[in-house]
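Shown below: coords.csv, with CSV, C-alpha atoms and all ligand atoms.
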chain,number,residue,atom,x,y,z
A,24,MET,CA,0.0,0.0,0.0
A,25,SER,CA,1.4,3.4,-0.8
A,26,TYR,CA,2.0,6.1,1.8
A,27,SER,CA,-0.9,8.5,2.3
A,28,PHE,CA,0.4,12.1,2.2
A,29,GLU,CA,-3.2,13.2,2.8
A,30,ASP,CA,-3.2,11.4,6.2
A,31,ALA,CA,0.1,13.0,7.1
A,32,ALA,CA,-1.0,16.5,6.1
A,33,SER,CA,-1.4,19.5,8.4
A,34,PRO,CA,-5.0,19.3,9.8
A,35,TYR,CA,-5.6,22.8,8.5
A,36,LEU,CA,-5.1,21.7,4.9
A,37,LYS,CA,-7.6,18.8,5.2
A,38,GLY,CA,-10.9,19.7,3.7
A,39,LEU,CA,-9.4,22.7,1.8
A,40,PRO,CA,-10.4,22.1,-1.9
A,41,PRO,CA,-7.7,22.6,-4.5
A,42,TYR,CA,-7.5,26.0,-6.1
A,43,ARG,CA,-9.4,25.6,-9.4
A,44,HIS,CA,-9.5,27.6,-12.6
A,45,GLY,CA,-12.6,27.6,-14.7
A,46,ARG,CA,-12.4,25.5,-17.9
A,47,PRO,CA,-12.1,28.5,-20.1
A,48,PHE,CA,-9.0,29.7,-18.4
A,49,VAL,CA,-7.3,26.3,-18.6
A,50,GLU,CA,-7.7,26.5,-22.4
A,51,CYS,CA,-6.6,30.1,-22.6
A,52,SER,CA,-3.5,29.6,-20.5
A,53,ARG,CA,-2.0,26.7,-22.4
A,54,GLY,CA,0.8,28.7,-24.0
A,55,PRO,CA,0.3,32.3,-25.0
A,56,VAL,CA,-3.3,33.3,-24.9
A,57,SER,CA,-4.6,32.7,-28.3
A,58,GLU,CA,-5.7,35.8,-30.2
A,59,ASP,CA,-9.3,34.6,-30.7
A,60,TRP,CA,-10.1,34.3,-27.0
A,61,VAL,CA,-11.8,37.2,-25.4
A,62,LYS,CA,-10.5,36.8,-21.9
A,63,LEU,CA,-12.6,38.7,-19.4
A,64,ASP,CA,-12.3,36.3,-16.4
A,65,TYR,CA,-9.3,37.6,-14.4
A,66,ASN,CA,-9.6,41.3,-14.1
A,67,GLU,CA,-6.5,42.0,-16.1
A,68,ASN,CA,-5.6,45.2,-17.9
A,69,PRO,CA,-6.7,45.0,-21.6
A,70,LEU,CA,-4.2,47.7,-22.5
A,71,GLY,CA,-1.3,45.5,-21.7
A,72,PRO,CA,1.7,46.4,-19.6
A,73,SER,CA,3.4,49.8,-19.5
A,74,PRO,CA,5.9,50.1,-22.4
A,75,LEU,CA,8.3,51.4,-19.8
A,76,ALA,CA,7.9,48.2,-17.8
A,77,VAL,CA,8.7,46.1,-20.8
A,78,LYS,CA,11.8,48.2,-21.5
A,79,ALA,CA,12.9,47.8,-17.9
A,80,ILE,CA,12.6,44.0,-18.2
A,81,GLN,CA,14.7,44.0,-21.3
A,82,GLY,CA,17.3,46.0,-19.4
A,83,VAL,CA,17.7,43.4,-16.7
A,84,LEU,CA,17.2,40.3,-18.7
A,85,HIS,CA,20.9,39.7,-19.3
A,86,GLY,CA,21.4,39.7,-15.5
A,87,ILE,CA,19.0,36.9,-14.5
A,88,ASN,CA,21.9,34.5,-13.7
A,89,ARG,CA,22.1,36.6,-10.4
A,90,TYR,CA,19.7,36.6,-7.5
A,91,PRO,CA,17.6,39.7,-7.2
A,92,ASP,CA,18.0,42.3,-4.4
A,93,CYS,CA,16.4,40.5,-1.6
A,94,GLN,CA,15.4,43.7,0.1
A,95,GLY,CA,13.9,45.3,-3.1
A,96,HIS,CA,15.6,48.6,-2.2
A,97,ASP,CA,14.9,50.4,-5.4
A,98,LEU,CA,11.2,49.6,-5.7
A,99,LYS,CA,10.6,50.1,-1.9
A,100,GLY,CA,12.4,53.5,-2.1
A,101,ARG,CA,10.3,54.6,-5.0
A,102,LEU,CA,7.1,53.5,-3.4
A,103,ALA,CA,8.0,55.1,-0.1
A,104,GLU,CA,8.8,58.4,-1.9
A,105,ARG,CA,5.4,58.4,-3.7
A,106,LEU,CA,3.5,57.5,-0.5
A,107,GLY,CA,5.4,59.9,1.8
A,108,LEU,CA,6.4,57.1,4.0
A,109,SER,CA,9.8,55.4,4.7
A,110,ALA,CA,11.0,52.2,3.0
A,111,ALA,CA,10.4,50.5,6.4
A,112,HIS,CA,6.7,50.9,5.9
A,113,VAL,CA,6.8,48.8,2.7
A,114,ALA,CA,6.9,45.0,2.1
A,115,LEU,CA,7.0,43.4,-1.3
A,116,GLY,CA,5.3,40.2,-2.3
A,117,ASN,CA,5.0,37.7,-5.1
A,118,GLY,CA,1.7,39.3,-6.0
A,119,SER,CA,-0.5,40.8,-3.3
A,120,SER,CA,-1.8,37.2,-2.9
A,121,GLU,CA,1.5,36.2,-1.3
A,122,LEU,CA,1.2,39.1,1.2
A,123,ILE,CA,-2.4,38.1,2.0
A,124,ASP,CA,-1.0,34.6,2.8
A,125,LEU,CA,1.9,36.0,4.8
A,126,CYS,CA,-0.4,38.2,6.9
A,127,ALA,CA,-2.6,35.3,7.7
A,128,ARG,CA,0.5,33.2,8.7
A,129,CYS,CA,1.8,36.1,10.8
A,130,PHE,CA,-1.3,36.8,12.8
A,131,LEU,CA,-3.6,33.8,12.7
A,132,GLY,CA,-3.6,30.3,14.3
A,133,PRO,CA,-5.8,28.0,16.2
A,134,GLY,CA,-8.4,29.7,18.4
A,135,VAL,CA,-8.1,33.0,16.5
A,136,GLU,CA,-10.8,34.4,14.2
A,137,ALA,CA,-10.8,36.5,11.1
A,138,ILE,CA,-13.8,38.4,9.9
A,139,ILE,CA,-14.5,38.2,6.2
A,140,GLY,CA,-17.3,39.7,4.1
A,141,ASP,CA,-19.4,37.3,2.0
A,142,PRO,CA,-18.9,37.3,-0.9
A,143,ALA,CA,-15.3,38.5,-1.0
A,144,PHE,CA,-12.1,37.4,-2.7
A,145,ALA,CA,-12.1,33.6,-2.2
A,146,PHE,CA,-8.5,33.5,-1.3
A,147,TYR,CA,-9.0,35.2,2.1
A,148,GLY,CA,-10.9,32.2,3.4
A,149,ARG,CA,-8.3,29.8,2.1
A,150,VAL,CA,-5.4,31.5,3.8
A,151,VAL,CA,-7.3,31.8,7.1
A,152,GLN,CA,-8.0,28.0,7.0
A,153,ALA,CA,-4.5,27.1,6.0
A,154,ALA,CA,-3.1,29.2,8.9
A,155,GLY,CA,-5.4,27.2,11.3
A,156,GLY,CA,-7.6,30.2,12.0
A,157,GLN,CA,-11.4,30.4,12.1
A,158,ARG,CA,-13.3,32.3,9.4
A,159,VAL,CA,-16.3,34.4,10.5
A,160,SER,CA,-18.4,35.3,7.5
A,161,VAL,CA,-20.5,38.5,7.5
A,162,PRO,CA,-22.9,38.9,4.6
A,163,LEU,CA,-22.6,42.0,2.5
A,164,LYS,CA,-25.5,44.4,2.5
A,165,ALA,CA,-26.7,45.5,-0.9
A,166,PHE,CA,-23.5,44.0,-2.3
A,167,ARG,CA,-21.3,46.2,-0.1
A,168,HIS,CA,-19.3,45.4,3.0
A,169,ASP,CA,-21.5,45.9,6.1
A,170,LEU,CA,-18.9,47.5,8.4
A,171,GLN,CA,-21.4,47.8,11.2
A,172,ALA,CA,-22.3,44.1,11.1
A,173,MET,CA,-18.5,43.3,10.9
A,174,ALA,CA,-17.8,45.4,14.0
A,175,GLU,CA,-20.6,43.6,15.9
A,176,ARG,CA,-19.0,40.3,15.2
A,177,ILE,CA,-15.7,41.3,16.8
A,178,THR,CA,-14.9,39.3,19.9
A,179,PRO,CA,-11.8,38.8,22.1
A,180,ARG,CA,-10.9,35.9,19.6
A,181,THR,CA,-10.9,38.3,16.6
A,182,ARG,CA,-7.4,39.1,15.3
A,183,MET,CA,-8.1,40.3,11.7
A,184,VAL,CA,-10.8,41.8,9.6
A,185,PHE,CA,-10.4,41.5,5.8
A,186,ILE,CA,-11.9,44.3,3.7
A,187,GLY,CA,-11.5,44.3,0.0
A,188,ASN,CA,-12.0,47.8,-1.2
A,189,PRO,CA,-13.1,47.7,-4.0
A,190,ASN,CA,-14.4,44.3,-3.2
A,191,ASN,CA,-14.1,41.3,-5.6
A,192,PRO,CA,-16.5,39.9,-6.9
A,193,THR,CA,-19.0,42.7,-6.4
A,194,GLY,CA,-16.9,45.7,-7.5
A,195,SER,CA,-18.4,47.8,-4.7
A,196,CYS,CA,-16.5,50.1,-2.3
A,197,VAL,CA,-17.1,51.6,1.1
A,198,PRO,CA,-16.9,55.4,1.5
A,199,PRO,CA,-13.7,56.6,3.1
A,200,HIS,CA,-15.5,58.1,6.1
A,201,ASP,CA,-17.0,54.7,7.0
A,202,ILE,CA,-13.6,53.1,6.8
A,203,ALA,CA,-12.2,55.9,9.0
A,204,ALA,CA,-14.9,55.4,11.6
A,205,PHE,CA,-14.5,51.6,11.6
A,206,ILE,CA,-10.7,51.9,12.2
A,207,GLU,CA,-11.3,54.5,14.9
A,208,ALA,CA,-13.6,52.2,16.8
A,209,LEU,CA,-11.4,49.1,16.5
A,210,PRO,CA,-10.7,47.3,19.8
A,211,GLU,CA,-7.0,46.7,20.6
A,212,ARG,CA,-5.3,43.8,18.9
A,213,VAL,CA,-7.6,43.7,15.9
A,214,ILE,CA,-5.9,44.3,12.6
A,215,VAL,CA,-7.6,45.5,9.5
A,216,LEU,CA,-6.3,44.1,6.2
A,217,LEU,CA,-7.4,46.6,3.6
A,218,ASP,CA,-7.0,44.9,0.3
A,219,GLU,CA,-6.6,47.7,-2.3
A,220,ALA,CA,-5.8,45.6,-5.4
A,221,TYR,CA,-8.2,47.8,-7.4
A,222,ARG,CA,-7.6,51.1,-5.6
A,223,GLU,CA,-6.3,53.0,-8.6
A,224,TYR,CA,-9.6,52.6,-10.4
A,225,LEU,CA,-11.4,54.6,-7.6
A,226,PRO,CA,-12.0,58.3,-8.1
A,227,ASP,CA,-9.8,60.4,-5.8
A,228,GLU,CA,-12.7,61.2,-3.4
A,229,LEU,CA,-13.4,57.5,-2.8
A,230,GLN,CA,-9.8,56.6,-2.0
A,231,PRO,CA,-9.4,56.1,1.8
A,232,ASP,CA,-6.5,57.8,3.5
A,233,THR,CA,-4.8,54.6,4.0
A,234,VAL,CA,-1.3,56.1,4.3
A,235,ARG,CA,-2.4,58.3,7.1
A,236,TYR,CA,-3.6,55.3,9.2
A,237,VAL,CA,-0.3,53.6,8.6
A,238,ARG,CA,1.7,56.7,9.4
A,239,GLU,CA,-0.2,57.0,12.6
A,240,GLY,CA,0.7,53.5,13.5
A,241,ARG,CA,-2.8,52.2,13.4
A,242,PRO,CA,-3.3,48.4,13.2
A,243,VAL,CA,-3.8,48.7,9.4
A,244,ILE,CA,-2.2,46.8,6.6
A,245,ALA,CA,-2.9,48.0,3.1
A,246,LEU,CA,-2.2,45.7,0.2
A,247,ARG,CA,-1.8,46.8,-3.4
A,248,SER,CA,-1.1,45.1,-6.6
A,249,PHE,CA,0.8,45.6,-9.8
A,250,SER,CA,-1.5,43.0,-11.5
A,251,LYS,CA,-4.5,45.2,-12.1
A,252,ILE,CA,-4.2,48.7,-13.5
A,253,TYR,CA,-0.4,48.3,-13.9
A,254,GLY,CA,-0.9,45.4,-16.2
A,255,LEU,CA,1.8,43.1,-14.7
A,256,SER,CA,-0.3,40.1,-13.6
A,257,GLY,CA,2.1,37.6,-15.2
A,258,LEU,CA,5.1,38.9,-13.3
A,259,ARG,CA,3.5,38.5,-9.8
A,260,ILE,CA,4.3,41.5,-7.7
A,261,GLY,CA,2.4,43.5,-5.1
A,262,TYR,CA,3.2,45.4,-1.9
A,263,ALA,CA,2.0,46.0,1.6
A,264,ILE,CA,2.0,49.3,3.4
A,265,ALA,CA,2.0,48.9,7.2
A,266,PRO,CA,3.7,50.2,10.3
A,267,PRO,CA,7.4,49.2,10.4
A,268,ASP,CA,7.0,46.5,13.2
A,269,CYS,CA,4.4,44.8,11.0
A,270,VAL,CA,6.6,45.0,7.9
A,271,ALA,CA,9.4,43.4,10.0
A,272,LEU,CA,7.2,40.5,10.9
A,273,ILE,CA,6.2,39.9,7.2
A,274,ASP,CA,9.9,40.0,6.4
A,275,LYS,CA,10.5,37.3,8.9
A,276,ALA,CA,7.8,35.1,7.4
A,277,ARG,CA,8.7,35.5,3.7
A,278,GLN,CA,11.2,33.6,1.7
A,279,PRO,CA,14.4,35.6,1.0
A,280,PHE,CA,14.0,36.2,-2.8
A,281,ASN,CA,10.2,36.3,-3.1
A,282,VAL,CA,10.2,39.0,-5.7
A,283,ASN,CA,12.1,38.2,-8.9
A,284,ALA,CA,14.4,40.7,-10.7
A,285,LEU,CA,12.1,41.2,-13.7
A,286,ALA,CA,9.1,41.9,-11.6
A,287,GLY,CA,11.0,44.4,-9.4
A,288,ALA,CA,12.4,46.3,-12.4
A,289,ALA,CA,9.1,46.3,-14.2
A,290,ALA,CA,7.1,47.5,-11.2
A,291,ALA,CA,9.5,50.4,-10.5
A,292,ALA,CA,9.2,51.5,-14.2
A,293,ALA,CA,5.5,51.1,-14.3
A,294,LEU,CA,5.0,53.3,-11.2
A,295,GLY,CA,6.4,56.3,-13.1
A,296,ASP,CA,4.3,55.7,-16.3
A,297,GLU,CA,1.5,58.2,-15.6
A,298,ALA,CA,0.3,58.1,-19.3
A,299,HIS,CA,-0.2,54.3,-19.1
A,300,LEU,CA,-2.1,54.7,-15.8
A,301,ALA,CA,-4.3,57.5,-17.2
A,302,GLY,CA,-4.9,55.5,-20.4
A,303,SER,CA,-5.9,52.4,-18.5
A,304,LYS,CA,-8.3,54.4,-16.4
A,305,ARG,CA,-9.9,56.1,-19.4
A,306,LEU,CA,-10.3,52.7,-21.2
A,307,ASN,CA,-11.9,51.3,-18.1
A,308,GLU,CA,-14.3,54.2,-17.8
A,309,ASP,CA,-15.3,54.1,-21.4
A,310,GLY,CA,-15.8,50.3,-21.3
A,311,LYS,CA,-17.8,50.6,-18.1
A,312,GLN,CA,-20.3,53.1,-19.7
A,313,TYR,CA,-20.6,50.9,-22.8
A,314,LEU,CA,-21.2,47.7,-20.8
A,315,TYR,CA,-23.8,49.5,-18.5
A,316,GLN,CA,-25.8,50.6,-21.5
A,317,ALA,CA,-25.5,47.3,-23.3
A,318,LEU,CA,-26.5,45.3,-20.2
A,319,GLU,CA,-29.5,47.6,-19.6
A,320,GLU,CA,-30.6,47.0,-23.3
A,321,LEU,CA,-30.4,43.3,-22.6
A,322,GLY,CA,-32.6,43.8,-19.5
A,323,LEU,CA,-29.9,42.6,-17.1
A,324,ARG,CA,-29.2,43.9,-13.6
A,325,TYR,CA,-25.7,44.6,-12.6
A,326,VAL,CA,-23.9,46.1,-9.6
A,327,PRO,CA,-22.4,49.5,-10.3
A,328,THR,CA,-18.6,49.0,-10.1
A,329,ALA,CA,-15.7,51.0,-8.6
A,330,ALA,CA,-13.2,48.6,-10.2
A,331,ASN,CA,-12.4,47.0,-13.6
A,332,PHE,CA,-15.1,44.3,-13.5
A,333,ILE,CA,-18.9,44.1,-13.2
A,334,LEU,CA,-21.1,41.6,-11.4
A,335,VAL,CA,-24.1,40.8,-13.7
A,336,ASP,CA,-27.2,38.9,-12.8
A,337,ILE,CA,-28.2,36.9,-15.8
A,338,GLU,CA,-31.2,35.4,-14.1
A,339,ARG,CA,-30.5,31.8,-15.2
A,340,ASP,CA,-28.0,29.1,-14.3
A,341,VAL,CA,-24.7,30.9,-14.6
A,342,ASP,CA,-22.5,27.8,-15.1
A,343,GLN,CA,-24.5,26.9,-18.2
A,344,VAL,CA,-24.1,30.4,-19.6
A,345,VAL,CA,-20.4,30.6,-18.8
A,346,ARG,CA,-19.9,27.3,-20.5
A,347,ALA,CA,-21.8,28.4,-23.6
A,348,LEU,CA,-19.8,31.7,-23.7
A,349,ALA,CA,-16.6,29.6,-23.4
A,350,GLU,CA,-17.6,27.5,-26.4
A,351,LYS,CA,-17.6,30.8,-28.3
A,352,ARG,CA,-14.2,31.6,-26.8
A,353,VAL,CA,-15.4,34.3,-24.4
A,354,ALA,CA,-14.1,33.7,-20.9
A,355,VAL,CA,-15.9,35.2,-17.9
A,356,CYS,CA,-16.1,34.1,-14.3
A,357,SER,CA,-19.0,32.2,-12.8
A,358,LEU,CA,-20.0,33.3,-9.3
A,359,ALA,CA,-21.8,30.0,-8.5
A,360,ARG,CA,-19.0,29.0,-6.1
A,361,TYR,CA,-19.8,32.2,-4.2
A,362,GLY,CA,-23.4,31.1,-3.9
A,363,LEU,CA,-24.5,33.5,-6.6
A,364,ARG,CA,-25.9,30.9,-8.9
A,365,THR,CA,-27.2,33.3,-11.5
A,366,SER,CA,-24.4,35.8,-11.6
A,367,LEU,CA,-21.2,36.2,-13.5
A,368,ARG,CA,-18.3,38.6,-13.2
A,369,VAL,CA,-17.0,40.1,-16.4
A,370,THR,CA,-13.8,42.1,-16.6
A,371,ILE,CA,-14.1,45.5,-18.4
A,372,GLY,CA,-12.0,44.8,-21.5
A,373,SER,CA,-11.0,46.7,-24.7
A,374,SER,CA,-13.9,48.1,-26.8
A,375,HIS,CA,-13.5,45.1,-29.1
A,376,GLU,CA,-13.6,42.6,-26.2
A,377,ASN,CA,-16.6,44.3,-24.6
A,378,GLU,CA,-18.5,44.3,-27.9
A,379,ARG,CA,-17.7,40.7,-28.5
A,380,PHE,CA,-18.8,39.7,-25.0
A,381,ILE,CA,-22.1,41.5,-25.4
A,382,ALA,CA,-22.8,40.0,-28.9
A,383,VAL,CA,-22.0,36.5,-27.7
A,384,LEU,CA,-24.0,37.0,-24.4
A,385,ARG,CA,-27.0,38.2,-26.4
A,386,GLU,CA,-26.8,35.1,-28.7
A,387,VAL,CA,-26.4,32.7,-25.7
A,388,LEU,CA,-29.3,34.3,-23.7
A,389,THR,CA,-31.7,34.2,-26.7
A,390,THR,CA,-30.9,30.6,-27.5
A,391,SER,CA,-30.7,29.2,-23.9
B,1,LIG,C1,-9.4,41.6,-4.3
B,1,LIG,C2,-8.2,41.0,-4.7
B,1,LIG,N1,-7.1,41.0,-4.0
B,1,LIG,C3,-5.9,40.5,-4.3
B,1,LIG,C4,-5.8,39.9,-5.6
B,1,LIG,C5,-4.5,39.2,-5.9
B,1,LIG,O1,-3.8,39.9,-6.8
B,1,LIG,P1,-2.3,39.6,-7.1
B,1,LIG,O2,-2.2,39.3,-8.6
B,1,LIG,O3,-1.6,40.9,-6.8
B,1,LIG,O4,-1.9,38.5,-6.3
B,1,LIG,C6,-6.9,39.8,-6.4
B,1,LIG,C7,-6.8,39.1,-7.7
B,1,LIG,O5,-7.7,39.0,-8.5
B,1,LIG,C8,-8.1,40.4,-6.0
B,1,LIG,O6,-9.2,40.4,-6.8

The structure in this file should be written as structure tokens.
Ligand SMILES: Cc1ncc(COP(=O)(O)O)c(C=O)c1O
Amino acid sequence: MSYSFEDAASPYLKGLPPYRHGRPFVECSRGPVSEDWVKLDYNENPLGPSPLAVKAIQGVLHGINRYPDCQGHDLKGRLAERLGLSAAHVALGNGSSELIDLCARCFLGPGVEAIIGDPAFAFYGRVVQAAGGQRVSVPLKAFRHDLQAMAERITPRTRMVFIGNPNNPTGSCVPPHDIAAFIEALPERVIVLLDEAYREYLPDELQPDTVRYVREGRPVIALRSFSKIYGLSGLRIGYAIAPPDCVALIDKARQPFNVNALAGAAAAAALGDEAHLAGSKRLNEDGKQYLYQALEELGLRYVPTAANFILVDIERDVDQVVRALAEKRVAVCSLARYGLRTSLRVTIGSSHENERFIAVLREVLTTS
């Protein structure tokens, strides 16, 4: 009989389902994404990466026989300067996903609870479970984080509260003054993990003053990503902004060279590419208005978004529709696994991609 690794596994991993991609993604991701796929399932930037990032990668390619700078001095310095903080307030990660995981490993364990909105980014629940912590789910209210209900669920066992702002998969955000009031009223030893992967899509007046909380030494960890508006998903790089003693803990938990040389160089270059950032925002805004109108013409309800994706209620079995869309090489995300059995999440793409999505959706809905 062969050895059972499952039996030998950490008890926290037992019962954790494997991370699965939808079928459409599996097909798309075999080799370079084929041109004829309209890929609107992963909230990526349809404009592509910043040309400055691509140039920066070319500049460091010849040196990849060397390990990268394990402290990420250059990128941390640039981030700190932009944020008005010190480099000691910044941690780098292999995507913000790695930082979500590291935070859970730093602060959670048996007997400790983490409060998470429902639905929210599925990865939060996974890292809490893998760290041995207990997830406490708080339903969203009108598709938005219900901060009051979350505050009411805080007990002496609570160590973390996860707030995706904007939230995935709903695209909703909470007004900055609500976040400020929530942080102000936090009992001691409760940490807010403010996931700002889509922050740059928010209009200025809806961007919380995250940096101020961190500067004041509040128990706040803000996570940001280069995968979304910066168009660097494939490189895997993100960063955390937190008080220095928190950054020092994350540094202890991470592996030494968690951010590769290409990602570090590309991210530093992308940060300074204001034209790419503005173009990406504009494309997203135009696409959003087009999709809103087209969805209304199809008689479909959607959640107004503050990010680069839209939750759409198609009022029929979503998995069937997502499959039918994939057969026509349009990839979107089914939200059935979030308990939203008639909803999908579509990334706001280029105008061609948005038009193709709407045309194929119209066809699928009229024939299903
Ligand atoms: C809310 C949210 N947080 C974090 C991430 C992870 O992003 P990254 O690519 O930086 O790991 C995602 C990815 O989709 C997300 O939607």

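Note that the spacing between CA of Val344 in chain A and atom C2 of ligand LIG 1 (chain B) amounts to 24.2 Å.
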
| query | Neighbours of ligand LIG 1 (chain B) within 8 Å, counting all atoms listed in the file, as a VMD selection string? | reply | chain A and resid 65 to 66 117 to 121 123 143 to 144 187 to 192 218 to 221 246 to 251 256 259 to 261

The residues within 12 Å of (-15.0, 45.4, 18.3), using only C-alpha atoms and the coordinates of the file, should be reported as number ranges by chain; which are they? A: 138, 170-184, 205-215

Among A:His85, A:Gly254, A:Pro242, A:Ala263, Lys99 in chain A is approached most closely, using only C-alpha atoms, by A:Ala263

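Atom to atom, CA of Ala330 in chain A and CA of Gln312 in chain A stand 12.7 Å apart.
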
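Nearest to Pro74 in chain A of all the residues A:Ala292, A:Cys129, A:Cys196, A:Ile202 is A:Ala292, counting all atoms listed in the file.
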
Q | Option closest in space to Gln94 in chain A, from A:Leu216, A:Leu106, A:Leu75, A:Ala114 [counting all atoms listed in the file] | A |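 The shortest atom-to-atom distance to Gln94 in chain A comes from A:Ala114.
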
From CA of Pro279 in chain A to CA of Ser33 in chain A the spacing works out at 23.7 Å

With all atoms of range 110-123 of chain A from the file as input, state the centre and edge lengths in Å to one decimal of the axis-aligned box that has 4 Å extra on each side, as lines of an AutoDock Vina configuration file.
center_x = 4.3
center_y = 44.2
center_z = 0.2
size_x = 21.4
size_y = 24.0
size_z = 20.4
